>>> print(open('final.json').read())   # JSON, C-alpha atoms
[["chain", "number", "residue", "atom", "x", "y", "z"],
["A", 15, "MET", "CA", 47.35, 178.12, -17.80],
["A", 16, "LEU", "CA", 49.39, 177.42, -20.93],
["A", 17, "LEU", "CA", 48.41, 180.77, -22.42],
["A", 18, "ILE", "CA", 49.54, 182.50, -19.22],
["A", 19, "SER", "CA", 52.81, 180.56, -19.40],
["A", 20, "PHE", "CA", 53.20, 181.63, -23.04],
["A", 21, "LEU", "CA", 53.10, 185.30, -22.03],
["A", 22, "LEU", "CA", 55.16, 184.89, -18.86],
["A", 23, "ASP", "CA", 57.93, 183.00, -20.66],
["A", 24, "MET", "CA", 58.43, 185.95, -23.00],
["A", 25, "ALA", "CA", 58.43, 188.43, -20.12],
["A", 26, "VAL", "CA", 60.92, 186.42, -18.06],
["A", 27, "GLY", "CA", 63.25, 186.15, -21.07],
["A", 28, "ALA", "CA", 63.12, 189.91, -21.63],
["A", 29, "ILE", "CA", 63.78, 190.68, -17.96],
["A", 30, "THR", "CA", 66.65, 188.19, -17.81],
["A", 31, "ARG", "CA", 68.33, 189.67, -20.88],
["A", 32, "HIS", "CA", 67.73, 193.25, -19.69],
["A", 33, "LEU", "CA", 69.31, 192.57, -16.29],
["A", 34, "SER", "CA", 72.11, 190.43, -17.80],
["A", 35, "LEU", "CA", 71.22, 187.49, -15.58],
["A", 36, "CYS", "CA", 72.05, 184.83, -18.16],
["A", 37, "SER", "CA", 74.14, 181.88, -16.99],
["A", 38, "LYS", "CA", 74.70, 178.30, -18.14],
["A", 39, "SER", "CA", 72.70, 176.88, -15.25],
["A", 40, "GLY", "CA", 69.96, 179.45, -15.83],
["A", 41, "VAL", "CA", 69.66, 178.40, -19.47],
["A", 42, "GLU", "CA", 69.44, 174.74, -18.43],
["A", 43, "LEU", "CA", 66.77, 175.52, -15.82],
["A", 44, "ASN", "CA", 64.86, 177.52, -18.42],
["A", 45, "ASP", "CA", 65.01, 174.58, -20.84],
["A", 46, "PHE", "CA", 63.66, 172.29, -18.10],
["A", 47, "ALA", "CA", 60.83, 174.73, -17.37],
["A", 48, "ILE", "CA", 60.03, 174.93, -21.08],
["A", 49, "PHE", "CA", 60.03, 171.12, -21.29],
["A", 50, "THR", "CA", 57.64, 170.67, -18.38],
["A", 51, "THR", "CA", 55.33, 173.53, -19.31],
["A", 52, "PHE", "CA", 55.30, 173.46, -23.09],
["A", 53, "GLY", "CA", 56.16, 169.78, -23.58],
["A", 54, "LEU", "CA", 54.56, 167.68, -20.86],
["A", 55, "ALA", "CA", 51.62, 169.92, -19.98],
["A", 56, "SER", "CA", 50.76, 170.47, -23.65],
["A", 57, "ALA", "CA", 50.82, 166.72, -24.28],
["A", 58, "LEU", "CA", 48.25, 166.30, -21.51],
["A", 59, "LEU", "CA", 45.80, 168.29, -23.66],
["A", 60, "LEU", "CA", 45.83, 165.39, -26.12],
["A", 61, "GLY", "CA", 44.55, 163.00, -23.47],
["A", 62, "VAL", "CA", 45.45, 159.36, -23.26],
["A", 63, "ASP", "CA", 41.98, 157.89, -23.76],
["A", 64, "GLY", "CA", 43.21, 155.54, -26.46],
["A", 65, "PRO", "CA", 46.43, 154.06, -27.78],
["A", 66, "LEU", "CA", 46.69, 156.50, -30.70],
["A", 67, "ASN", "CA", 46.26, 159.59, -28.52],
["A", 68, "GLY", "CA", 48.71, 158.21, -25.98],
["A", 69, "PHE", "CA", 51.22, 157.51, -28.73],
["A", 70, "LEU", "CA", 50.78, 161.02, -30.15],
["A", 71, "ALA", "CA", 51.25, 162.51, -26.66],
["A", 72, "VAL", "CA", 54.53, 160.59, -26.30],
["A", 73, "ILE", "CA", 55.64, 161.71, -29.78],
["A", 74, "TYR", "CA", 54.81, 165.33, -28.89],
["A", 75, "VAL", "CA", 56.90, 165.14, -25.69],
["A", 76, "LEU", "CA", 59.77, 163.53, -27.59],
["A", 77, "ALA", "CA", 59.62, 166.24, -30.27],
["A", 78, "ALA", "CA", 59.74, 168.97, -27.61],
["A", 79, "THR", "CA", 62.66, 167.17, -25.94],
["A", 80, "PHE", "CA", 64.50, 166.77, -29.24],
["A", 81, "ARG", "CA", 63.97, 170.41, -30.12],
["A", 82, "LEU", "CA", 65.30, 171.57, -26.75],
["A", 83, "CYS", "CA", 68.26, 169.17, -26.68],
["A", 84, "PHE", "CA", 69.53, 169.52, -30.21],
["A", 85, "TYR", "CA", 68.33, 172.93, -31.35],
["A", 86, "SER", "CA", 68.99, 174.98, -28.20],
["A", 87, "THR", "CA", 72.29, 176.65, -27.47],
["A", 88, "ALA", "CA", 73.47, 178.59, -24.48],
["A", 89, "ASP", "CA", 74.81, 181.31, -26.78],
["A", 90, "ALA", "CA", 72.81, 184.43, -27.45],
["A", 91, "GLN", "CA", 71.39, 183.96, -30.89],
["A", 92, "LEU", "CA", 69.27, 185.82, -33.38],
["A", 93, "THR", "CA", 67.28, 182.82, -34.61],
["A", 94, "TYR", "CA", 65.72, 179.60, -33.36],
["A", 95, "ARG", "CA", 66.11, 176.35, -35.23],
["A", 96, "GLY", "CA", 62.77, 174.58, -35.34],
["A", 97, "LEU", "CA", 59.55, 176.08, -34.02],
["A", 98, "PRO", "CA", 59.95, 177.20, -30.39],
["A", 99, "CYS", "CA", 57.93, 174.97, -28.05],
["A", 100, "ARG", "CA", 55.99, 177.92, -26.62],
["A", 101, "TYR", "CA", 54.34, 178.61, -29.97],
["A", 102, "ALA", "CA", 53.41, 174.96, -30.54],
["A", 103, "SER", "CA", 51.95, 174.86, -27.03],
["A", 104, "CYS", "CA", 50.02, 178.08, -27.59],
["A", 105, "VAL", "CA", 48.49, 176.65, -30.77],
["A", 106, "LEU", "CA", 47.43, 173.48, -28.93],
["A", 107, "ALA", "CA", 46.03, 175.35, -25.92],
["A", 108, "SER", "CA", 44.13, 177.79, -28.13],
["A", 109, "THR", "CA", 42.79, 175.00, -30.33],
["A", 110, "SER", "CA", 41.69, 173.06, -27.26],
["A", 111, "LEU", "CA", 39.78, 176.05, -25.91],
["A", 112, "LEU", "CA", 38.21, 176.94, -29.26],
["A", 113, "THR", "CA", 37.12, 173.37, -30.12],
["A", 114, "LYS", "CA", 36.17, 172.41, -26.56],
["A", 115, "GLY", "CA", 38.83, 169.71, -26.59],
["A", 116, "ASN", "CA", 37.87, 168.03, -29.87],
["A", 117, "THR", "CA", 40.27, 165.09, -29.95],
["A", 118, "PHE", "CA", 40.48, 164.77, -33.73],
["A", 119, "ILE", "CA", 41.28, 168.45, -34.33],
["A", 120, "LEU", "CA", 43.78, 168.50, -31.44],
["A", 121, "SER", "CA", 45.49, 165.39, -32.81],
["A", 122, "CYS", "CA", 45.80, 166.99, -36.25],
["A", 123, "MET", "CA", 47.21, 170.22, -34.78],
["A", 124, "ALA", "CA", 49.61, 168.30, -32.51],
["A", 125, "SER", "CA", 50.90, 166.31, -35.49],
["A", 126, "LEU", "CA", 51.46, 169.53, -37.41],
["A", 127, "MET", "CA", 53.24, 171.15, -34.43],
["A", 128, "VAL", "CA", 55.52, 168.10, -34.08],
["A", 129, "LEU", "CA", 56.56, 168.58, -37.71],
["A", 130, "PHE", "CA", 57.23, 172.29, -37.18],
["A", 131, "MET", "CA", 59.28, 171.67, -34.01],
["A", 132, "MET", "CA", 61.36, 169.01, -35.78],
["A", 133, "ASP", "CA", 61.78, 171.14, -38.91],
["A", 134, "GLN", "CA", 65.24, 172.58, -39.34],
["A", 135, "SER", "CA", 63.97, 175.93, -40.59],
["A", 136, "TYR", "CA", 65.04, 179.06, -38.78],
["A", 137, "TYR", "CA", 62.59, 181.28, -36.91],
["A", 138, "PRO", "CA", 63.51, 184.80, -35.76],
["A", 139, "HIS", "CA", 64.30, 185.28, -32.10],
["A", 140, "ASP", "CA", 61.10, 186.67, -30.63],
["A", 141, "GLU", "CA", 62.38, 189.40, -28.38],
["A", 142, "ILE", "CA", 58.95, 190.98, -28.51],
["A", 143, "LEU", "CA", 59.35, 193.20, -25.48],
["A", 144, "GLU", "CA", 62.72, 194.50, -26.71],
["A", 145, "SER", "CA", 61.80, 195.29, -30.30],
["A", 146, "GLU", "CA", 59.37, 197.42, -32.30],
["A", 147, "ASN", "CA", 56.46, 199.09, -30.56],
["A", 148, "TRP", "CA", 53.82, 197.20, -32.55],
["A", 149, "LYS", "CA", 55.20, 193.90, -31.19],
["A", 150, "LYS", "CA", 54.92, 195.27, -27.67],
["A", 151, "LEU", "CA", 51.30, 196.17, -28.46],
["A", 152, "VAL", "CA", 50.66, 192.60, -29.64],
["A", 153, "TYR", "CA", 52.05, 191.32, -26.34],
["A", 154, "MET", "CA", 50.07, 193.83, -24.28],
["A", 155, "GLY", "CA", 46.97, 192.92, -26.26],
["A", 156, "GLY", "CA", 47.45, 189.28, -25.29],
["A", 157, "ALA", "CA", 47.92, 190.17, -21.62],
["A", 158, "ILE", "CA", 44.87, 192.44, -21.59],
["A", 159, "MET", "CA", 42.76, 189.86, -23.43],
["A", 160, "LEU", "CA", 43.81, 187.21, -20.93],
["A", 161, "LEU", "CA", 42.74, 189.36, -18.00],
["A", 162, "LEU", "CA", 39.61, 191.04, -19.34],
["A", 163, "SER", "CA", 38.01, 189.02, -22.13],
["A", 164, "PRO", "CA", 36.33, 185.62, -22.46],
["A", 165, "PHE", "CA", 38.68, 182.69, -22.94],
["A", 166, "SER", "CA", 37.37, 181.97, -26.43],
["A", 167, "LEU", "CA", 38.35, 185.46, -27.61],
["A", 168, "THR", "CA", 41.73, 185.22, -25.88],
["A", 169, "ALA", "CA", 42.33, 181.79, -27.42],
["A", 170, "PHE", "CA", 41.49, 183.15, -30.88],
["A", 171, "TYR", "CA", 43.87, 186.11, -30.40],
["A", 172, "CYS", "CA", 46.72, 183.86, -29.23],
["A", 173, "LEU", "CA", 46.06, 181.38, -32.03],
["A", 174, "LEU", "CA", 46.30, 184.13, -34.66],
["A", 175, "TRP", "CA", 49.45, 185.48, -33.00],
["A", 176, "SER", "CA", 51.13, 182.05, -32.98],
["A", 177, "LEU", "CA", 50.07, 181.15, -36.50],
["A", 178, "SER", "CA", 51.40, 184.48, -37.80],
["A", 179, "TYR", "CA", 54.77, 183.63, -36.21],
["A", 180, "ILE", "CA", 54.72, 180.10, -37.65],
["A", 181, "PHE", "CA", 53.68, 180.92, -41.21],
["A", 182, "PHE", "CA", 55.16, 184.42, -41.65],
["A", 183, "PRO", "CA", 58.27, 184.38, -39.44],
["A", 184, "ASP", "CA", 60.46, 186.66, -41.53],
["A", 185, "ALA", "CA", 57.81, 188.90, -43.04],
["A", 186, "LEU", "CA", 56.29, 189.94, -39.71],
["A", 187, "TRP", "CA", 58.55, 188.94, -36.87],
["A", 188, "GLY", "CA", 62.06, 188.99, -38.36],
["A", 189, "LYS", "CA", 62.50, 192.70, -39.11],
["A", 190, "ALA", "CA", 64.47, 193.48, -35.92],
["A", 191, "VAL", "CA", 66.77, 190.53, -36.58],
["A", 192, "ARG", "CA", 67.55, 191.73, -40.11],
["A", 193, "LEU", "CA", 68.22, 195.27, -38.86],
["A", 194, "ARG", "CA", 70.62, 193.99, -36.17],
["A", 195, "LEU", "CA", 72.47, 191.86, -38.71],
["A", 196, "GLN", "CA", 72.81, 194.87, -41.04],
["A", 197, "CYS", "CA", 74.16, 197.02, -38.19],
["A", 198, "GLN", "CA", 76.70, 194.35, -37.24],
["A", 199, "GLY", "CA", 77.82, 194.08, -40.87],
["A", 200, "ASN", "CA", 78.55, 197.83, -41.09]]
>>> encode(input="final.json", output="structure tokens")
Amino acid sequence: MLLISFLLDMAVGAITRHLSLCSKSGVELNDFAIFTTFGLASALLLGVDGPLNGFLAVIYVLAATFRLCFYSTADAQLTYRGLPCRYASCVLASTSLLTKGNTFILSCMASLMVLFMMDQSYYPHDEILESENWKKLVYMGGAIMLLLSPFSLTAFYCLLWSLSYIFFPDALWGKAVRLRLQCQGN
């Protein structure tokens, strides 16, 4: 379900921007939906079968909350500050599917995602459906994989997609942002 939410969140954002339906209350509702889906639901993947996993789940939820409260703005922006929660959630969901819920590996990945969400680095705004054609193909590939392929293959695809955004944000995903900034400067 988290992988479906990952794809739907991008589509809803694109549709909202295309139809100019942005409002202050809409942004706040979107942040709440992101918190419940990519914060709380992702933390449930960690399980609470012991005090350490429960503590890590609470830390993960707090990191998602912090990222949404302090790094989100209602203004249209070209970058995100800190890793967007949807990518951290996608990594956890994919890892959970690929490792069959291995608690140790999930805990390691969750700890890493907490650090990336709390990091003050900038990530390019991922307007995938409004940018280059190859990014649209990546999105369509994810949707097709989700509908037609085994979950392990879909999880691997989404994991590679998310990790490419996390580790190569400017090289792969930031080209449209740089072009827009150059056009605005001219």
>>> closest_residue(input="final.json", among="A:Lys149, A:Ala78, A:Tyr137, A:Val62", to="Thr117 of chain A", atoms="all atoms listed in the file")
A:Val62
>>> closest_residue(input="final.json", among="A:Asn116, A:Ser103, A:Ser163, A:Ser108", to="Phe130 of chain A", atoms="all atoms listed in the file")
A:Ser103
>>> closest_residue(input="final.json", among="A:Leu151, A:Leu58, A:Ile180, A:Ala102", to="Leu17 of chain A", atoms="all atoms listed in the file")
A:Ala102
>>> residues_around(input="final.json", residues="segment 174-179 of chain A", least_positions_apart="2", cutoff="10 Å", atoms="all atoms listed in the file", output="PyMOL selection string")
chain A and resi 97+100-105+108+137-138+140+152-153+156+168-172+181-188
>>> closest_residue(input="final.json", among="A:Ser135, A:Thr51, A:Asn147, A:Ser56", to="Met123 of chain A", atoms="all atoms listed in the file")
A:Ser56
>>> atom_distance(input="final.json", atom1="atom CA of Thr79 of chain A", atom2="atom CA of Leu126 of chain A")
16.2 Å
>>> closest_residue(input="final.json", among="A:Leu161, A:Leu21, A:Cys99, A:Ala107", to="Leu59 of chain A", atoms="only C-alpha atoms")
A:Ala107
>>> residues_near_point(input="final.json", point="(53.0, 187.9, -19.1)", cutoff="10 Å", atoms="only C-alpha atoms", output="PDB file with C-alpha atoms, in the frame of the given file")
ATOM      1  CA  LEU A  17      48.410 180.770 -22.420  1.00  0.00           C
ATOM      2  CA  ILE A  18      49.540 182.500 -19.220  1.00  0.00           C
ATOM      3  CA  SER A  19      52.810 180.560 -19.400  1.00  0.00           C
ATOM      4  CA  PHE A  20      53.200 181.630 -23.040  1.00  0.00           C
ATOM      5  CA  LEU A  21      53.100 185.300 -22.030  1.00  0.00           C
ATOM      6  CA  LEU A  22      55.160 184.890 -18.860  1.00  0.00           C
ATOM      7  CA  ASP A  23      57.930 183.000 -20.660  1.00  0.00           C
ATOM      8  CA  MET A  24      58.430 185.950 -23.000  1.00  0.00           C
ATOM      9  CA  ALA A  25      58.430 188.430 -20.120  1.00  0.00           C
ATOM     10  CA  VAL A  26      60.920 186.420 -18.060  1.00  0.00           C
ATOM     11  CA  TYR A 153      52.050 191.320 -26.340  1.00  0.00           C
ATOM     12  CA  MET A 154      50.070 193.830 -24.280  1.00  0.00           C
ATOM     13  CA  GLY A 156      47.450 189.280 -25.290  1.00  0.00           C
ATOM     14  CA  ALA A 157      47.920 190.170 -21.620  1.00  0.00           C
ATOM     15  CA  ILE A 158      44.870 192.440 -21.590  1.00  0.00           C
ATOM     16  CA  LEU A 160      43.810 187.210 -20.930  1.00  0.00           C
TER      17      LEU A 160
END
>>> atom_distance(input="final.json", atom1="atom CA of Gly53 of chain A", atom2="atom CA of Leu111 of chain A")
17.7 Å
>>> residues_around(input="final.json", residues="Leu82 of chain A", least_positions_apart="2", cutoff="12 Å", atoms="only C-alpha atoms", output="ChimeraX atom specification")
/A:41-50,52-53,75-80,84-88,94-100,131-132
>>> residues_around(input="final.json", residues="Leu66 of chain A", least_positions_apart="5", cutoff="12 Å", atoms="only C-alpha atoms", output="ChimeraX atom specification")
/A:60-61,71-73,117-118,121-122,125
>>> atom_distance(input="final.json", atom1="atom CA of Tyr74 of chain A", atom2="atom CA of Gly115 of chain A")
16.7 Å
>>> closest_residue(input="final.json", among="A:Leu173, A:Met127, A:Gln134, A:Pro164", to="Ala57 of chain A", atoms="only C-alpha atoms")
A:Met127
